[in-house]
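Comments concern the structure below.
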Amino acid sequence: MELDVKKQTNHRLRIREITKITSETPTIKTFWFEDENDLTFVPGQFVMVWLPGVDEIPMSVSYSESKSKYNNQKAITVASVGEATTKLHELTVGSKIGIRGPYGHGFNIMKADVKRILAVGGGCGSAPLGPLLDSAHSSGKDVLFALGARNKSELLFKDRAMKLGIELDISTDDGSEGYHGFVTDRVDKLLSEPGFDLVVACGPEIMMKKVVELALNNNTNVQVSLERYMKCGVGICDSCTLGGYQVCRDGPVFDGKLLIKLPEFGISKRDPCGRNIDI
Ligand SMILES: Cc1cc2nc3c(=O)[nH]c(=O)nc-3n(C[C@H](O)[C@H](O)[C@H](O)COP(=O)(O)OP(=O)(O)OC[C@H]3O[C@@H](n4cnc5c(N)ncnc54)[C@H](O)[C@@H]3O)c2cc1C
């Protein structure tokens, strides 16, 4: 696929102790753990997180810090939405989780002709965009982060972007901060100005479909990260099938030009039994 980026993975289930927990918003927490020293990942790739006795669920890697040879801290940033994520939120420092991966294809922002990026995050969808902001910043790319949330307390990674000196464009559904309305209204406005070489997005699929349409109408390349129900994470079970692609193996980051041709994009997905359900 065009999006291919050199990948490295580790299928071995690693039992890891949670070393730090940060409250990002009233509903989102970040869980830190120490991982293999030599295991790098591309922003947008994910790990399968095993909660013994509960479930194994996909989570984007949201931070990666190599402070020293023996201290490779990685993190996942989790919204509490159901059984497994609620149990994760109940864990404390010292609790153990199982990790395998990283898996899938991440965002490809490293091409030389990509100089200015519009990153669009909606709600907890900003989780994989956090490391993308770090990586774009350290490689000298110019980023505008269009960040949307229900209200100002749910703006994930606003402070992280500010610390990096990244330009922010904020929208909230209730108007408590920034533009009063959907982040897609802002994307429409921002893309009317020239200069973006690439749009990247993660958030509710309805939002991402709109972002893809806006970017393609503007002749701008666009990559988005999709969520589908995943069991194996490695392309065996086909739970995450989408138009002949497997989101875990071929995605979760896809090129917008491919997605726009798939009738399911923004419309339907599979439930845990494989039935098609509306998004
Ligand atoms: C590649 C990928 C990366 C993700 N990254 C993040 C992240 O960084 N932060 C975050 O908060 N969430 C992320 N998610 C979503 C997260 O996996 C689900 O919210 C989580 O699995 C819900 O589990 P639950 O038991 O708490 O909720 P449930 O009550 O079981 O379900 C709530 C919702 O989550 C979906 N879901 C449940 N189990 C799975 C599963 N095994 N695979 C995919 N979707 C599932 C359901 O279809 C439903 O829409 C990601 C999903 C994917 C596919």
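Chain labels follow the order of the structure tokens: the first chain is A, the next B, and so on; residue numbering restarts at 1 in every chain, and ligands are counted from 1 in their shown order.
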Site check for ligand 1: residues at most 9 Å away, only C-alpha atoms and all ligand atoms, as a compact mmCIF listing (two decimals) with N, CA and C atoms, in the first residue's frame:
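In the end it all went to pocket.txt:
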# COMPACT_ATOMS: atom_id res chain seq x y z
N ILE A 28 -10.95 10.76 30.32
CA ILE A 28 -9.81 10.13 29.60
C ILE A 28 -8.57 10.07 30.50
N LYS A 29 -7.97 8.87 30.59
CA LYS A 29 -6.75 8.71 31.38
C LYS A 29 -5.64 8.12 30.53
N GLY A 44 0.04 6.22 15.15
CA GLY A 44 -1.13 5.64 14.47
C GLY A 44 -1.15 4.13 14.63
N GLN A 45 0.00 3.52 14.92
CA GLN A 45 0.00 2.07 15.18
C GLN A 45 -0.63 1.81 16.55
N PHE A 46 -1.07 0.57 16.77
CA PHE A 46 -1.76 0.26 18.01
C PHE A 46 -1.20 -0.99 18.67
N VAL A 47 -1.55 -1.16 19.94
CA VAL A 47 -1.21 -2.40 20.64
C VAL A 47 -2.50 -3.08 21.07
N MET A 48 -2.46 -4.41 21.26
CA MET A 48 -3.59 -5.12 21.85
C MET A 48 -3.31 -5.17 23.36
N VAL A 49 -4.29 -4.71 24.13
CA VAL A 49 -4.12 -4.61 25.59
C VAL A 49 -5.01 -5.66 26.24
N VAL A 54 -11.11 -10.10 31.60
CA VAL A 54 -12.08 -9.12 31.07
C VAL A 54 -12.12 -9.19 29.54
N ASP A 55 -11.07 -8.73 28.87
CA ASP A 55 -11.08 -8.65 27.40
C ASP A 55 -9.68 -8.28 26.92
N GLU A 56 -9.50 -8.34 25.61
CA GLU A 56 -8.28 -7.82 24.99
C GLU A 56 -8.73 -6.81 23.94
N ILE A 57 -8.28 -5.57 24.04
CA ILE A 57 -8.82 -4.51 23.17
C ILE A 57 -7.69 -3.71 22.51
N PRO A 58 -7.98 -3.14 21.31
CA PRO A 58 -6.96 -2.34 20.63
C PRO A 58 -6.87 -0.93 21.21
N MET A 59 -5.66 -0.43 21.35
CA MET A 59 -5.42 0.93 21.83
C MET A 59 -4.23 1.53 21.09
N SER A 60 -4.37 2.76 20.63
CA SER A 60 -3.26 3.43 19.97
C SER A 60 -2.16 3.71 20.98
N VAL A 61 -0.92 3.68 20.52
CA VAL A 61 0.18 4.13 21.38
C VAL A 61 0.13 5.65 21.38
N SER A 62 0.04 6.26 22.55
CA SER A 62 -0.17 7.71 22.61
C SER A 62 1.07 8.49 23.04
N ILE A 76 -0.78 4.40 26.74
CA ILE A 76 -2.05 4.37 26.01
C ILE A 76 -2.97 5.38 26.68
N THR A 77 -3.82 6.02 25.90
CA THR A 77 -4.72 7.05 26.43
C THR A 77 -6.15 6.59 26.17
N VAL A 78 -6.90 6.41 27.25
CA VAL A 78 -8.13 5.61 27.17
C VAL A 78 -9.37 6.39 27.61
N ALA A 79 -10.40 6.36 26.77
CA ALA A 79 -11.71 6.90 27.16
C ALA A 79 -12.52 5.77 27.75
N SER A 80 -13.17 6.02 28.85
CA SER A 80 -13.97 4.98 29.50
C SER A 80 -15.34 4.93 28.82
N VAL A 81 -15.57 3.85 28.03
CA VAL A 81 -16.83 3.76 27.27
C VAL A 81 -17.61 2.48 27.54
N GLY A 82 -16.96 1.45 28.10
CA GLY A 82 -17.65 0.17 28.28
C GLY A 82 -16.92 -0.67 29.30
N GLU A 83 -17.15 -1.99 29.26
CA GLU A 83 -16.64 -2.86 30.32
C GLU A 83 -15.10 -2.82 30.47
N ALA A 84 -14.39 -3.07 29.37
CA ALA A 84 -12.93 -3.18 29.47
C ALA A 84 -12.29 -1.83 29.80
N THR A 85 -12.77 -0.77 29.16
CA THR A 85 -12.16 0.54 29.40
C THR A 85 -12.51 1.06 30.81
N THR A 86 -13.68 0.68 31.33
CA THR A 86 -14.02 1.08 32.71
C THR A 86 -13.11 0.35 33.69
N LYS A 87 -12.84 -0.95 33.42
CA LYS A 87 -11.92 -1.71 34.28
C LYS A 87 -10.51 -1.12 34.21
N LEU A 88 -10.10 -0.72 32.99
CA LEU A 88 -8.78 -0.09 32.85
C LEU A 88 -8.70 1.16 33.73
N TYR A 103 1.02 -2.93 16.17
CA TYR A 103 0.46 -3.51 14.96
C TYR A 103 -0.04 -2.43 13.99
N GLY A 104 -0.19 -2.86 12.74
CA GLY A 104 -0.85 -2.04 11.72
C GLY A 104 0.05 -0.99 11.09
N CYS A 124 -11.52 11.55 21.88
CA CYS A 124 -10.38 10.67 22.20
C CYS A 124 -9.61 10.27 20.95
N GLY A 125 -10.13 10.65 19.78
CA GLY A 125 -9.43 10.41 18.51
C GLY A 125 -8.08 11.11 18.46
N SER A 126 -7.85 12.06 19.35
CA SER A 126 -6.54 12.70 19.36
C SER A 126 -5.45 11.78 19.91
N ALA A 127 -5.84 10.62 20.50
CA ALA A 127 -4.83 9.73 21.11
C ALA A 127 -3.67 9.40 20.16
N PRO A 128 -3.93 8.93 18.92
CA PRO A 128 -2.78 8.63 18.04
C PRO A 128 -2.15 9.88 17.45
N SER A 225 -7.37 7.53 10.58
CA SER A 225 -7.25 6.29 11.35
C SER A 225 -8.63 5.77 11.73
N LEU A 226 -8.93 4.54 11.29
CA LEU A 226 -10.27 3.97 11.50
C LEU A 226 -10.33 3.05 12.71
N GLU A 227 -11.52 2.93 13.26
CA GLU A 227 -11.77 1.95 14.33
C GLU A 227 -12.76 0.91 13.82
N ARG A 228 -12.41 -0.35 13.98
CA ARG A 228 -13.33 -1.45 13.71
C ARG A 228 -13.16 -2.46 14.84
N TYR A 229 -14.17 -3.32 15.02
CA TYR A 229 -14.07 -4.33 16.06
C TYR A 229 -12.89 -5.25 15.75
N MET A 230 -11.98 -5.46 16.71
CA MET A 230 -10.80 -6.29 16.48
C MET A 230 -10.68 -7.36 17.54
N LYS A 231 -10.40 -8.60 17.08
CA LYS A 231 -10.16 -9.68 18.04
C LYS A 231 -8.68 -10.06 18.04
N CYS A 232 -8.14 -10.40 16.83
CA CYS A 232 -6.76 -10.88 16.82
C CYS A 232 -5.75 -9.74 16.67
N GLY A 233 -6.09 -8.74 15.88
CA GLY A 233 -5.17 -7.62 15.67
C GLY A 233 -4.11 -7.88 14.62
N SER A 239 -12.47 -9.97 11.75
CA SER A 239 -13.53 -9.21 12.44
C SER A 239 -13.59 -7.76 11.97
N CYS A 240 -12.44 -7.23 11.57
CA CYS A 240 -12.36 -5.80 11.27
C CYS A 240 -12.43 -5.54 9.76
N VAL A 247 -8.76 -3.87 8.75
CA VAL A 247 -8.34 -2.60 9.37
C VAL A 247 -7.11 -2.81 10.26
N CYS A 248 -7.02 -3.99 10.91
CA CYS A 248 -5.87 -4.22 11.81
C CYS A 248 -4.56 -4.35 11.03
N GLY A 251 -4.73 -1.22 7.82
CA GLY A 251 -4.88 0.08 8.48
C GLY A 251 -4.17 -0.01 9.81
N PRO A 252 -4.60 0.68 10.87
CA PRO A 252 -5.85 1.43 10.91
C PRO A 252 -5.80 2.75 10.16
N VAL A 253 -4.57 3.19 9.74
CA VAL A 253 -4.50 4.44 8.99
C VAL A 253 -4.61 4.11 7.50
N LYS A 269 -20.43 -0.71 10.06
CA LYS A 269 -19.28 -1.48 10.56
C LYS A 269 -19.79 -2.83 11.03
N ARG A 270 -18.90 -3.75 11.40
CA ARG A 270 -19.30 -5.08 11.88
C ARG A 270 -19.39 -5.06 13.40
N ASP A 271 -20.39 -5.80 13.93
CA ASP A 271 -20.45 -5.96 15.39
C ASP A 271 -19.62 -7.19 15.77
N PRO A 272 -19.50 -7.52 17.06
CA PRO A 272 -18.63 -8.65 17.46
C PRO A 272 -19.01 -9.97 16.80
N ILE A 279 -23.22 2.95 11.66
CA ILE A 279 -22.28 3.68 12.51
C ILE A 279 -23.02 4.78 13.26
Which neighbours of Lys163 of chain A fall inside 12 Å, counting only C-alpha atoms, when residues of the same chain fewer than 4 positions from it are skipped, and could you give them as number ranges by chain?
A: 130, 133-134, 137, 157-159, 167-168
Which residue out of A:Glu154, A:Asp174, A:Glu213, A:Asp238 has the minimum interatomic distance to Pro26 of chain A when only C-alpha atoms are used?
A:Glu154
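When only C-alpha atoms are used to compute distances to Asp142 of chain A, the closest of the residues A:His11, A:Arg160, A:His89, A:Arg116 turns out to be A:Arg116.
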Which residues in segment 104-144 of chain A does DSSP call helix (DSSP H, G or I)? List them as a ChimeraX atom specification.
/A:123-126,129-138
So that I can see what lies close to Ala112 of chain A, please list as a ChimeraX atom specification the residues with an atom at most 12 Å from it, counting only C-alpha atoms and leaving out residues fewer than 6 positions away in the same chain.
/A:136,139-141,197-198
Requested write-out: N, CA and C atoms of the selected residues, as a JSON list (two decimals), in the first residue's frame:
[["chain", "number", "residue", "atom", "x", "y", "z"],
["A", 136, "ALA", "N", 6.25, 15.12, 14.22],
["A", 136, "ALA", "CA", 6.28, 16.20, 13.23],
["A", 136, "ALA", "C", 7.14, 17.35, 13.73],
["A", 139, "SER", "N", 10.84, 16.57, 13.60],
["A", 139, "SER", "CA", 11.43, 16.50, 12.26],
["A", 139, "SER", "C", 11.20, 17.79, 11.47],
["A", 140, "GLY", "N", 10.84, 18.84, 12.17],
["A", 140, "GLY", "CA", 10.79, 20.17, 11.55],
["A", 140, "GLY", "C", 9.60, 20.42, 10.64],
["A", 141, "LYS", "N", 8.53, 19.62, 10.78],
["A", 141, "LYS", "CA", 7.32, 19.85, 9.97],
["A", 141, "LYS", "C", 6.46, 20.89, 10.69],
["A", 197, "ASP", "N", 0.00, 20.46, 2.84],
["A", 197, "ASP", "CA", 0.41, 19.36, 1.95],
["A", 197, "ASP", "C", -0.27, 18.07, 2.32],
["A", 198, "LEU", "N", -0.76, 17.98, 3.57],
["A", 198, "LEU", "CA", -1.35, 16.74, 4.05],
["A", 198, "LEU", "C", -2.34, 17.04, 5.19]]
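The environment of Val200 of chain A within 8 Å, counting only C-alpha atoms and disregarding residues fewer than 5 places along the same chain, consists of Phe107, Ile117, Leu118, Ala119, Val120, Val222, Gln223 and Val224 of chain A.
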What are the DSSP strand (DSSP E or B) residues of segment 45-265 of chain A, as number ranges by chain?
A: 45-51, 55-68, 71-79, 96-103, 105, 116-122, 142-149, 167-172, 179-180, 198-202, 221-225, 241-242, 245-246, 252-255
